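Shown next: input23.csv, containing CSV, C-alpha atoms.
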```
chain,number,residue,atom,x,y,z
A,13,MET,CA,-19.9,3.9,-3.0
A,14,ARG,CA,-21.0,2.6,-6.3
A,15,TYR,CA,-21.4,-1.1,-7.2
A,16,LEU,CA,-18.7,-2.4,-9.6
A,17,SER,CA,-19.5,-4.4,-12.7
A,18,SER,CA,-17.6,-5.1,-15.9
A,19,GLN,CA,-19.2,-2.0,-17.3
A,20,PHE,CA,-17.4,0.1,-14.7
A,21,MET,CA,-13.8,-0.3,-15.7
A,22,GLU,CA,-11.1,2.3,-16.2
A,23,THR,CA,-7.9,2.2,-18.3
A,24,ILE,CA,-5.0,3.0,-16.0
A,25,HIS,CA,-1.4,3.2,-17.1
A,26,GLY,CA,-2.4,1.6,-20.3
A,27,ALA,CA,-4.3,-1.4,-18.8
A,28,PRO,CA,-8.1,-1.9,-18.6
A,29,SER,CA,-8.6,-2.3,-14.8
A,30,PHE,CA,-11.3,-3.1,-12.3
A,31,ILE,CA,-11.8,-0.4,-9.7
A,32,LEU,CA,-12.7,-0.7,-6.0
A,33,ARG,CA,-13.2,2.2,-3.6
A,34,SER,CA,-13.8,3.0,0.0
A,35,ASN,CA,-13.5,6.2,1.9
A,36,GLU,CA,-9.9,5.2,2.8
A,37,VAL,CA,-8.7,3.3,-0.2
A,38,GLU,CA,-9.0,3.3,-4.0
A,39,LEU,CA,-7.4,0.5,-6.0
A,40,ALA,CA,-7.2,-1.0,-9.5
A,41,ILE,CA,-6.6,-4.5,-10.7
A,42,THR,CA,-5.7,-5.2,-14.3
A,43,GLU,CA,-8.0,-7.4,-16.2
A,44,THR,CA,-5.0,-9.0,-18.0
A,45,ALA,CA,-2.5,-10.6,-15.5
A,46,GLY,CA,-4.4,-9.5,-12.4
A,47,HIS,CA,-1.9,-7.0,-11.1
A,48,LEU,CA,-3.0,-4.8,-8.2
A,49,ALA,CA,-1.9,-1.1,-8.7
A,50,PRO,CA,-2.2,1.7,-8.3
A,51,VAL,CA,-3.5,1.7,-4.8
A,52,ALA,CA,-4.3,5.2,-3.3
A,53,PHE,CA,-4.6,5.5,0.5
A,54,HIS,CA,-6.3,8.6,1.7
A,55,LEU,CA,-4.8,9.9,5.0
A,56,GLY,CA,-6.9,13.0,5.7
A,57,SER,CA,-5.8,15.6,3.2
A,58,ASN,CA,-2.9,13.5,2.1
A,59,THR,CA,-3.1,10.7,-0.5
A,60,VAL,CA,-0.2,8.2,-0.9
A,61,SER,CA,0.4,5.5,-3.5
A,62,PRO,CA,3.2,3.2,-2.4
A,63,TYR,CA,2.9,0.5,-5.2
A,64,ALA,CA,5.1,0.7,-8.3
A,65,LEU,CA,4.0,1.2,-11.8
A,66,ALA,CA,6.6,0.2,-14.4
A,67,PRO,CA,8.1,3.1,-16.3
A,68,TRP,CA,6.4,1.8,-19.4
A,69,THR,CA,2.9,0.9,-20.4
A,70,PRO,CA,1.8,-2.3,-22.3
A,71,ALA,CA,1.7,-0.4,-25.5
A,72,GLN,CA,5.2,1.0,-25.0
A,73,SER,CA,6.8,-2.5,-24.6
A,74,ASP,CA,7.5,-5.2,-27.1
A,75,SER,CA,4.3,-7.2,-27.7
A,76,ASN,CA,6.4,-10.4,-27.7
A,77,LEU,CA,7.2,-9.9,-24.0
A,78,PRO,CA,5.2,-11.9,-21.5
A,79,ASN,CA,2.3,-9.9,-20.0
A,80,LEU,CA,4.0,-10.1,-16.7
A,81,LEU,CA,6.5,-7.5,-18.0
A,82,ARG,CA,4.2,-5.6,-20.2
A,83,TYR,CA,1.7,-4.9,-17.4
A,84,LEU,CA,4.2,-5.0,-14.5
A,85,ARG,CA,2.9,-3.2,-11.4
A,86,GLY,CA,2.0,-3.5,-7.8
A,87,ASP,CA,1.1,-6.9,-6.5
A,88,PHE,CA,0.2,-10.2,-8.3
A,89,MET,CA,-0.2,-13.9,-7.6
A,90,CYS,CA,2.5,-16.2,-8.9
A,91,LEU,CA,1.6,-19.9,-9.4
A,92,PRO,CA,4.1,-21.4,-9.9
A,93,PHE,CA,6.5,-18.9,-8.6
A,94,GLY,CA,9.2,-18.3,-11.2
A,95,GLY,CA,7.2,-20.4,-13.7
A,96,GLN,CA,7.8,-23.7,-15.4
A,97,GLU,CA,9.2,-24.9,-18.7
A,98,GLN,CA,5.8,-25.0,-20.4
A,99,GLY,CA,4.4,-21.8,-19.0
A,100,PRO,CA,5.1,-18.1,-18.7
A,101,PRO,CA,7.3,-16.6,-16.0
A,102,HIS,CA,5.5,-16.7,-12.6
A,103,GLY,CA,2.6,-18.6,-14.2
A,104,GLU,CA,-0.6,-17.7,-16.0
A,105,THR,CA,-1.9,-16.2,-12.8
A,106,ALA,CA,0.6,-13.3,-13.4
A,107,ASN,CA,0.0,-13.2,-17.2
A,108,ALA,CA,-3.4,-14.4,-18.4
A,109,PRO,CA,-6.8,-12.7,-18.3
A,110,TRP,CA,-9.0,-12.8,-15.2
A,111,ARG,CA,-12.8,-12.7,-15.3
A,112,LEU,CA,-15.0,-10.9,-12.8
A,113,THR,CA,-17.2,-13.4,-10.9
A,114,HIS,CA,-18.5,-11.4,-7.9
A,115,VAL,CA,-18.8,-7.8,-6.9
A,116,SER,CA,-20.2,-5.9,-3.9
A,117,PRO,CA,-19.6,-2.4,-2.5
A,118,HIS,CA,-16.6,-3.6,-0.5
A,119,ALA,CA,-15.2,-6.5,-2.5
A,120,LEU,CA,-14.6,-8.1,-5.9
A,121,SER,CA,-13.6,-11.5,-7.0
A,122,LEU,CA,-11.8,-12.5,-10.2
A,123,THR,CA,-11.4,-16.1,-11.4
A,124,GLN,CA,-8.9,-17.7,-13.7
A,125,ASP,CA,-8.8,-21.3,-15.0
A,126,SER,CA,-5.0,-21.6,-15.4
A,127,ARG,CA,-4.0,-23.8,-18.3
A,128,ASP,CA,-0.4,-24.2,-17.2
A,129,THR,CA,-1.3,-25.8,-13.8
A,130,GLY,CA,-4.9,-26.9,-14.3
A,131,ALA,CA,-5.9,-24.9,-11.2
A,132,ARG,CA,-8.9,-22.7,-10.7
A,133,VAL,CA,-7.7,-19.6,-8.8
A,134,THR,CA,-10.1,-17.0,-7.4
A,135,LYS,CA,-8.6,-13.7,-6.3
A,136,THR,CA,-10.8,-11.8,-3.8
A,137,VAL,CA,-9.9,-8.3,-2.8
A,138,SER,CA,-11.8,-6.6,-0.1
A,139,LEU,CA,-11.9,-3.3,1.8
A,140,VAL,CA,-13.1,-2.4,5.2
A,141,GLU,CA,-14.5,1.0,6.0
A,142,GLY,CA,-12.2,2.7,8.5
A,143,HIS,CA,-9.2,0.5,7.6
A,144,HIS,CA,-6.3,1.8,5.5
A,145,ALA,CA,-5.7,-1.8,4.2
A,146,VAL,CA,-6.3,-4.2,1.3
A,147,TYR,CA,-7.4,-7.7,2.3
A,148,VAL,CA,-6.4,-10.2,-0.4
A,149,GLU,CA,-6.9,-13.9,-0.7
A,150,HIS,CA,-6.3,-16.4,-3.4
A,151,LEU,CA,-8.4,-19.6,-3.3
A,152,ILE,CA,-6.7,-22.4,-5.2
A,153,GLU,CA,-8.9,-25.3,-6.4
A,154,ASN,CA,-8.5,-28.4,-8.6
A,155,LEU,CA,-4.7,-28.3,-8.2
A,156,SER,CA,-2.8,-31.6,-7.8
A,157,GLY,CA,0.8,-32.2,-6.9
A,158,THR,CA,3.6,-30.1,-5.4
A,159,TRP,CA,3.9,-26.4,-6.4
A,160,ASN,CA,5.6,-23.2,-5.3
A,161,TYR,CA,3.8,-19.9,-5.2
A,162,GLY,CA,3.8,-16.4,-3.8
A,163,ASN,CA,2.5,-12.9,-3.7
A,164,HIS,CA,4.7,-10.3,-5.4
A,165,PRO,CA,4.2,-6.7,-4.1
A,166,ILE,CA,6.5,-4.1,-5.7
A,167,LEU,CA,6.9,-0.7,-4.0
A,168,ASP,CA,8.1,2.5,-5.6
A,169,LEU,CA,10.7,4.4,-3.6
A,170,SER,CA,12.2,6.2,-6.5
A,171,LYS,CA,11.0,9.6,-5.2
A,172,VAL,CA,12.4,8.9,-1.7
A,173,PRO,CA,15.8,10.5,-1.0
A,174,ALA,CA,18.6,7.9,-1.1
A,175,GLY,CA,18.6,5.7,2.0
A,176,GLU,CA,15.8,7.5,3.8
A,177,ALA,CA,13.2,4.7,3.6
A,178,ARG,CA,13.6,2.1,6.4
A,179,VAL,CA,13.0,-1.6,5.7
A,180,ALA,CA,12.2,-4.2,8.4
A,181,THR,CA,10.8,-7.6,8.9
A,182,SER,CA,9.7,-9.9,11.7
A,183,PRO,CA,12.4,-12.2,13.0
A,184,PHE,CA,13.9,-14.7,10.5
A,185,ARG,CA,15.9,-17.9,11.1
A,186,PHE,CA,17.8,-18.0,7.8
A,187,GLY,CA,18.9,-15.3,5.4
A,188,SER,CA,20.7,-15.8,2.1
A,189,VAL,CA,21.7,-14.0,-1.1
A,190,TYR,CA,20.5,-15.7,-4.3
A,191,PRO,CA,22.8,-18.7,-4.8
A,192,GLY,CA,23.8,-17.8,-8.4
A,193,GLU,CA,24.1,-14.7,-10.5
A,194,PHE,CA,20.6,-13.1,-10.1
A,195,SER,CA,21.6,-10.4,-12.5
A,196,ASN,CA,23.1,-12.0,-15.6
A,197,PRO,CA,26.5,-10.4,-16.5
A,198,ASP,CA,26.4,-12.0,-20.0
A,199,GLN,CA,23.4,-9.7,-20.6
A,200,GLY,CA,25.1,-6.6,-19.2
A,201,GLU,CA,23.2,-6.9,-15.9
A,202,SER,CA,24.8,-6.0,-12.6
A,203,GLY,CA,24.4,-7.3,-9.0
A,204,ILE,CA,26.4,-6.3,-6.0
A,205,LEU,CA,25.6,-8.9,-3.3
A,206,LYS,CA,27.8,-12.0,-2.9
A,207,PRO,CA,26.0,-15.0,-4.4
A,208,ASN,CA,25.0,-17.6,-1.8
A,209,ALA,CA,26.3,-15.6,1.1
A,210,THR,CA,24.3,-16.2,4.3
A,211,PHE,CA,23.6,-13.6,7.0
A,212,THR,CA,21.8,-13.1,10.3
A,213,SER,CA,21.1,-9.3,10.1
A,214,LEU,CA,19.8,-7.2,7.2
A,215,LYS,CA,22.3,-4.6,8.3
A,216,GLU,CA,25.3,-6.8,7.4
A,217,VAL,CA,24.9,-8.6,4.1
A,218,PRO,CA,28.1,-9.6,2.2
A,219,THR,CA,28.9,-8.0,-1.1
A,220,LYS,CA,31.1,-9.1,-4.0
A,221,ASN,CA,33.8,-6.6,-3.0
A,222,GLY,CA,34.1,-7.8,0.5
A,223,THR,CA,32.1,-5.1,2.2
A,224,LEU,CA,28.8,-5.4,4.0
A,225,ALA,CA,25.6,-3.8,2.7
A,226,ASP,CA,22.9,-2.4,5.0
A,227,LEU,CA,19.6,-3.5,3.4
A,228,THR,CA,17.5,-1.7,6.0
A,229,HIS,CA,18.0,1.6,4.1
A,230,TYR,CA,16.6,2.2,0.6
A,231,PRO,CA,16.9,3.3,-2.2
A,232,ALA,CA,20.5,2.2,-2.3
A,233,ARG,CA,23.1,0.6,-4.6
A,234,GLU,CA,22.0,2.4,-7.8
A,235,GLY,CA,23.0,0.4,-10.9
A,236,TYR,CA,22.4,-3.0,-9.3
A,237,ASP,CA,19.6,-5.5,-9.1
A,238,ASP,CA,19.8,-8.1,-6.3
A,239,LEU,CA,17.7,-10.8,-4.6
A,240,ILE,CA,17.8,-12.3,-1.1
A,241,MET,CA,15.5,-14.7,0.7
A,242,LEU,CA,14.6,-14.7,4.4
A,243,VAL,CA,12.9,-17.7,6.1
A,244,ASN,CA,10.6,-16.5,8.8
A,245,ALA,CA,10.7,-17.6,12.4
A,246,PRO,CA,7.8,-19.9,13.4
A,247,ALA,CA,4.6,-18.3,14.7
A,248,THR,CA,4.0,-18.1,18.4
A,249,GLU,CA,0.9,-17.4,20.5
A,250,GLN,CA,2.2,-13.8,21.1
A,251,GLN,CA,3.3,-13.4,17.5
A,252,PRO,CA,0.8,-15.4,15.4
A,253,PHE,CA,1.6,-13.6,12.1
A,254,ALA,CA,4.8,-12.5,10.3
A,255,TRP,CA,5.3,-9.1,8.8
A,256,THR,CA,7.4,-6.9,6.5
A,257,ALA,CA,7.3,-3.1,6.7
A,258,VAL,CA,8.8,0.0,5.0
A,259,THR,CA,8.8,3.4,6.6
A,260,PHE,CA,8.2,6.1,3.9
A,261,PRO,CA,8.3,9.8,4.7
A,262,GLY,CA,5.1,10.3,6.7
A,263,TYR,CA,3.7,6.8,6.7
A,264,ILE,CA,4.4,3.1,7.0
A,265,TRP,CA,3.5,0.4,4.4
A,266,PHE,CA,3.2,-3.1,6.0
A,267,SER,CA,2.3,-6.7,5.0
A,268,LEU,CA,0.9,-9.4,7.3
A,269,LYS,CA,0.9,-13.1,6.6
A,270,MET,CA,0.8,-16.5,8.2
A,271,VAL,CA,4.2,-18.3,8.1
A,272,ALA,CA,2.4,-21.6,7.4
A,273,ASP,CA,1.1,-20.1,4.1
A,274,PHE,CA,4.2,-18.1,3.1
A,275,PRO,CA,7.3,-19.5,4.9
A,276,SER,CA,9.7,-17.0,3.3
A,277,THR,CA,10.2,-13.4,2.1
A,278,LEU,CA,12.1,-12.4,-1.0
A,279,PHE,CA,13.7,-8.9,-1.3
A,280,TRP,CA,14.0,-7.9,-5.0
A,281,MET,CA,16.0,-4.7,-4.9
A,282,SER,CA,15.7,-3.3,-8.5
A,283,ASN,CA,17.6,-0.2,-8.9
A,284,GLY,CA,18.8,0.1,-12.5
A,285,GLY,CA,20.9,-3.1,-12.8
A,286,ARG,CA,19.1,-4.3,-16.0
A,287,PRO,CA,19.9,-2.7,-19.4
A,288,GLY,CA,17.8,-4.9,-21.7
A,289,HIS,CA,14.3,-4.1,-22.9
A,290,PRO,CA,12.0,-3.2,-21.2
A,291,TRP,CA,14.2,-2.3,-18.2
A,292,GLU,CA,16.8,-0.1,-20.0
A,293,LYS,CA,18.2,0.9,-16.6
A,294,ARG,CA,15.1,3.0,-15.8
A,295,HIS,CA,13.5,0.6,-13.3
A,296,LEU,CA,14.9,2.5,-10.3
A,297,GLY,CA,14.1,2.6,-6.6
A,298,ARG,CA,11.8,-0.4,-6.8
A,299,LEU,CA,11.6,-2.8,-3.9
A,300,GLY,CA,9.8,-6.2,-4.2
A,301,LEU,CA,8.9,-7.6,-0.8
A,302,GLU,CA,7.5,-11.0,-2.0
A,303,GLU,CA,5.8,-13.5,0.4
A,304,VAL,CA,6.5,-16.9,-1.0
A,305,CYS,CA,6.7,-20.7,-0.6
A,306,SER,CA,9.6,-21.2,-3.0
A,307,HIS,CA,13.3,-21.7,-3.5
A,308,PHE,CA,14.2,-18.1,-4.1
A,309,CYS,CA,12.8,-17.0,-7.5
A,310,ASP,CA,13.6,-20.3,-9.1
A,311,GLY,CA,10.8,-22.2,-10.9
A,312,VAL,CA,8.8,-25.1,-9.7
A,313,ALA,CA,11.2,-27.7,-10.9
A,314,THR,CA,13.9,-26.4,-8.5
A,315,ALA,CA,11.4,-25.9,-5.7
A,316,ARG,CA,10.4,-29.6,-5.9
A,317,GLU,CA,14.1,-30.6,-5.4
A,318,ASN,CA,13.8,-29.4,-1.7
A,319,ARG,CA,17.4,-28.2,-1.7
A,320,LEU,CA,16.9,-26.6,1.7
A,321,ALA,CA,15.3,-29.6,3.4
A,322,HIS,CA,18.4,-30.2,5.5
A,323,LEU,CA,17.6,-26.8,7.1
A,324,LYS,CA,13.9,-27.7,7.5
A,325,ILE,CA,13.0,-25.0,5.0
A,326,THR,CA,9.8,-25.6,2.9
A,327,THR,CA,10.1,-24.6,-0.8
A,328,CYS,CA,6.9,-26.1,-2.2
A,329,ARG,CA,3.5,-27.4,-1.0
A,330,THR,CA,1.4,-30.4,-1.8
A,331,PHE,CA,-2.1,-29.7,-3.2
A,332,GLN,CA,-5.0,-32.1,-3.5
A,333,PRO,CA,-7.6,-31.5,-6.2
A,334,HIS,CA,-10.6,-31.8,-3.8
A,335,GLN,CA,-9.0,-29.7,-1.0
A,336,PRO,CA,-9.1,-26.0,-1.7
A,337,VAL,CA,-6.3,-23.9,-0.3
A,338,ARG,CA,-6.8,-20.4,0.8
A,339,LEU,CA,-3.8,-18.0,0.8
A,340,PRO,CA,-4.7,-14.7,2.6
A,341,ILE,CA,-2.5,-11.6,3.0
A,342,ILE,CA,-3.1,-8.1,4.3
A,343,GLN,CA,-1.3,-5.0,3.0
A,344,GLY,CA,-1.9,-1.6,4.5
A,345,ILE,CA,-0.5,1.7,5.7
A,346,ALA,CA,-0.4,3.9,8.8
A,347,ALA,CA,0.5,7.5,9.2
A,348,VAL,CA,3.6,8.1,11.3
A,349,PRO,CA,5.2,11.2,12.8
A,350,LYS,CA,8.6,12.4,11.7
A,351,GLY,CA,11.3,10.5,13.3
A,352,PHE,CA,9.3,7.3,13.8
A,353,GLY,CA,12.1,5.4,12.2
A,354,GLN,CA,12.4,1.7,11.4
A,355,VAL,CA,9.5,-0.5,12.5
A,356,GLN,CA,10.7,-2.7,15.4
A,357,SER,CA,7.5,-4.9,15.8
A,358,ILE,CA,4.0,-5.4,14.7
A,359,THR,CA,1.9,-7.3,17.1
A,360,PRO,CA,-1.8,-8.1,17.8
A,361,ALA,CA,-3.7,-5.6,19.9
A,362,GLY,CA,-7.0,-7.4,20.3
A,363,ASN,CA,-8.8,-9.2,17.4
A,364,HIS,CA,-9.3,-6.1,15.2
A,365,ARG,CA,-6.2,-3.9,15.9
A,366,ILE,CA,-2.5,-4.2,15.6
A,367,GLN,CA,0.3,-2.3,17.4
A,368,ILE,CA,3.2,-0.9,15.4
A,369,THR,CA,6.3,0.0,17.4
A,370,GLY,CA,9.0,2.2,15.9
A,371,GLU,CA,12.5,3.4,17.0
A,372,THR,CA,11.6,6.6,18.9
A,373,GLN,CA,7.9,7.5,19.0
A,374,PRO,CA,5.1,5.9,21.1
A,375,PRO,CA,3.6,2.8,19.4
A,376,LEU,CA,0.7,3.2,17.0
A,377,SER,CA,-2.6,1.4,17.4
A,378,VAL,CA,-4.0,0.6,13.9
A,379,ALA,CA,-7.4,-0.8,12.9
A,380,ILE,CA,-6.7,-4.1,11.2
A,381,ASN,CA,-8.7,-7.3,11.2
A,382,TRP,CA,-5.6,-9.6,11.4
A,383,GLN,CA,-7.9,-12.5,12.2
A,384,PHE,CA,-8.6,-12.5,8.4
A,385,LEU,CA,-5.3,-14.3,8.1
A,386,LYS,CA,-6.8,-17.2,10.0
A,387,GLY,CA,-9.9,-17.6,7.9
```
Using structure tokens, write down the structure from this file.
Amino acid sequence: MRYLSSQFMETIHGAPSFILRSNEVELAITETAGHLAPVAFHLGSNTVSPYALAPWTPAQSDSNLPNLLRYLRGDFMCLPFGGQEQGPPHGETANAPWRLTHVSPHALSLTQDSRDTGARVTKTVSLVEGHHAVYVEHLIENLSGTWNYGNHPILDLSKVPAGEARVATSPFRFGSVYPGEFSNPDQGESGILKPNATFTSLKEVPTKNGTLADLTHYPAREGYDDLIMLVNAPATEQQPFAWTAVTFPGYIWFSLKMVADFPSTLFWMSNGGRPGHPWEKRHLGRLGLEEVCSHFCDGVATARENRLAHLKITTCRTFQPHQPVRLPIIQGIAAVPKGFGQVQSITPAGNHRIQITGETQPPLSVAINWQFLKG
């Protein structure tokens, strides 16, 4: 493997990007906005790339748009999540340039001094030989006050036949559709789920027409963009981390986190419900599975109102300028046989392995250092 420096960058999908490789994984992170994608996972003779690239490049979009939309792809850090009045959507962490501050054969670190929050944020992405996973952490320093935040992975299921991908999460204690109109009808946007409807199962989510939608199958509901929030059940000794997972044809994508870091998960189901630029109803089959500490996708001002405090749901976190906060997350894949079905559980199997159980096949044992989540 070669060492990476600022001299070893590639322009990918119109964006100058830092590249990191192992025998199992090859990934790119955009210099502007710090978006992680594409990520190619090598499974023997098969290579899969689950993360989404927008159907436009930065040069093909209006230069007046925020970089978040011009460079939109993969996963990125949002601080504050949703943004604030005097900053870009999802914060400078999702829009402004990052500088390379450390590089080794297996890791790279990028740092940004964010003007909208005053924080120094260091993004470290690392690979482990033998692991089909990306280990990501954001170290937040010099930040004061209460803020919301989140990771924002977007998957591309546009090539998967309708409904054939299976979506699952670890247990949740609260589920709700976005309280207002997530897709703005005044701008010709369309959403199908019933605003503010609560639910206890992803298989039965109320729609505006009185039916129930099964959100465990995707792509689905073409022509609509919708958003829901799940609040994860507390961690236990047997289940120290929470997870989300999508079963693609031939493999599973999964994400692992600590509930104390990211109390909730957002589903952004983007399937052609936005006609305006740059969307133009061509952002199809995308699924955001966003790990957050936030009030839905609303900005920091709403998160600070603690509207869900009566349900003991945390929507923001207090930061101290001299107490750095580390926010780790693991995203990976595992090959599965045909018929594996929806993921039923992801549990520890020792300190450096996890067990993934599906609907029909024997459980998988996967090499993952889940202890990374604990520091």
Need the shell around Trp280 (chain A): protein/DNA/RNA residues with any atom at most 12 Å away, counting only C-alpha atoms. Skip same-chain ones fewer than 2 positions apart. Format as a ChimeraX atom specification? /A:164-168,189-190,194-195,203,205,227,230-231,236-242,277-278,282-285,295-303,308-309
What gap, in Å, lies between CA of Ser182 (chain A) and CA of Ile345 (chain A)?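 Computing the Euclidean distance for CA of Ser182 (chain A) and CA of Ile345 (chain A) yields 16.6 Å.
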Write out as a PDB file with C-alpha atoms, in the frame of the given file each polymer residue whose atoms come within 8 Å of Thr359 (chain A), counting all atoms listed in the file; drop sequence neighbours fewer than 4 positions from it.
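And here is the file that came out, around-v1.pdb:
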```pdb
ATOM      1  CA  GLN A 250       2.200 -13.800  21.100  1.00  0.00           C
ATOM      2  CA  GLN A 251       3.300 -13.400  17.500  1.00  0.00           C
ATOM      3  CA  ILE A 366      -2.500  -4.200  15.600  1.00  0.00           C
ATOM      4  CA  GLN A 367       0.300  -2.300  17.400  1.00  0.00           C
ATOM      5  CA  ILE A 368       3.200  -0.900  15.400  1.00  0.00           C
TER       6      ILE A 368
END
```
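Checking A:Glu201, A:Asp310, A:Glu22, A:Glu292 one by one against Pro50 (chain A), counting only C-alpha atoms, you find the shortest gap at A:Glu22.
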Point out the residue among A:Cys305, A:Gln354, A:Leu139, A:Thr69 with the least atom-to-atom distance to Gly175 (chain A), counting all atoms listed in the file. A:Gln354
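Distance cut-off 10 Å, centre (3.0, -20.1, -15.6), atoms counted only C-alpha atoms; the residues meeting this are A:Cys90, A:Leu91, A:Pro92, A:Phe93, A:Gly94, A:Gly95, A:Gln96, A:Glu97, A:Gln98, A:Gly99, A:Pro100, A:Pro101, A:His102, A:Gly103, A:Glu104, A:Thr105, A:Ala106, A:Asn107, A:Ala108, A:Ser126, A:Arg127, A:Asp128, A:Thr129, A:Gly311, A:Val312.
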Nearest-residue call for Val51 (chain A), choices A:Ser188, A:Thr327, A:Gln343, A:Thr248, using all atoms listed in the file: A:Gln343
CA of Asn163 (chain A) to CA of Ser29 (chain A): how many Å, to one decimal?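 Going from CA of Asn163 (chain A) over to CA of Ser29 (chain A) covers 18.9 Å.
Atom to atom, CA of Val243 (chain A) and CA of Lys324 (chain A) stand 10.1 Å apart.
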Please provide the set of residues having any atom within 12 Å of Lys269 (chain A), restricted to only C-alpha atoms, with same-chain residues fewer than 5 positions apart removed, written as JSON, numbers by chain. {"A": [147, 148, 149, 162, 163, 181, 182, 244, 246, 247, 251, 252, 253, 254, 255, 256, 257, 274, 275, 276, 277, 302, 303, 304, 305, 339, 340, 341, 342, 343, 358, 382, 383, 384, 385, 386, 387]}
Min atom-atom distance to Pro78 (chain A) from the set A:Gln373, A:Leu112, A:Glu141, A:Thr44, counting all atoms listed in the file, belongs to A:Thr44
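If you measure from each of A:Ala346, A:Ala27, A:Ala313, A:Ala361 to Phe266 (chain A) using only C-alpha atoms, the closest one turns out to be A:Ala346.
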Among the residues A:Ile380, A:Trp68, A:Glu153, A:Leu323, the one that comes closest to His364 (chain A) [using all atoms listed in the file]: A:Ile380
Starting from the point (30.4, -4.6, 2.5), work out which residues of protein, DNA or RNA have an atom no more than 12 Å away when counting all atoms listed in the file; state them as a PDB file with C-alpha atoms, in the coordinates of the input.
```pdb
ATOM      1  CA  ILE A 204      26.400  -6.300  -6.000  1.00  0.00           C
ATOM      2  CA  LEU A 205      25.600  -8.900  -3.300  1.00  0.00           C
ATOM      3  CA  LYS A 206      27.800 -12.000  -2.900  1.00  0.00           C
ATOM      4  CA  ALA A 209      26.300 -15.600   1.100  1.00  0.00           C
ATOM      5  CA  LEU A 214      19.800  -7.200   7.200  1.00  0.00           C
ATOM      6  CA  LYS A 215      22.300  -4.600   8.300  1.00  0.00           C
ATOM      7  CA  GLU A 216      25.300  -6.800   7.400  1.00  0.00           C
ATOM      8  CA  VAL A 217      24.900  -8.600   4.100  1.00  0.00           C
ATOM      9  CA  PRO A 218      28.100  -9.600   2.200  1.00  0.00           C
ATOM     10  CA  THR A 219      28.900  -8.000  -1.100  1.00  0.00           C
ATOM     11  CA  LYS A 220      31.100  -9.100  -4.000  1.00  0.00           C
ATOM     12  CA  ASN A 221      33.800  -6.600  -3.000  1.00  0.00           C
ATOM     13  CA  GLY A 222      34.100  -7.800   0.500  1.00  0.00           C
ATOM     14  CA  THR A 223      32.100  -5.100   2.200  1.00  0.00           C
ATOM     15  CA  LEU A 224      28.800  -5.400   4.000  1.00  0.00           C
ATOM     16  CA  ALA A 225      25.600  -3.800   2.700  1.00  0.00           C
ATOM     17  CA  ASP A 226      22.900  -2.400   5.000  1.00  0.00           C
ATOM     18  CA  LEU A 227      19.600  -3.500   3.400  1.00  0.00           C
ATOM     19  CA  ARG A 233      23.100   0.600  -4.600  1.00  0.00           C
TER      20      ARG A 233
END
```
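Excluding Val348 (chain A) itself and any same-chain residue fewer than 4 positions from it, the protein and nucleic acid residues within 8 Å of it, counting only C-alpha atoms, are Gly262, Tyr263, Ile264 and Phe352 of chain A.
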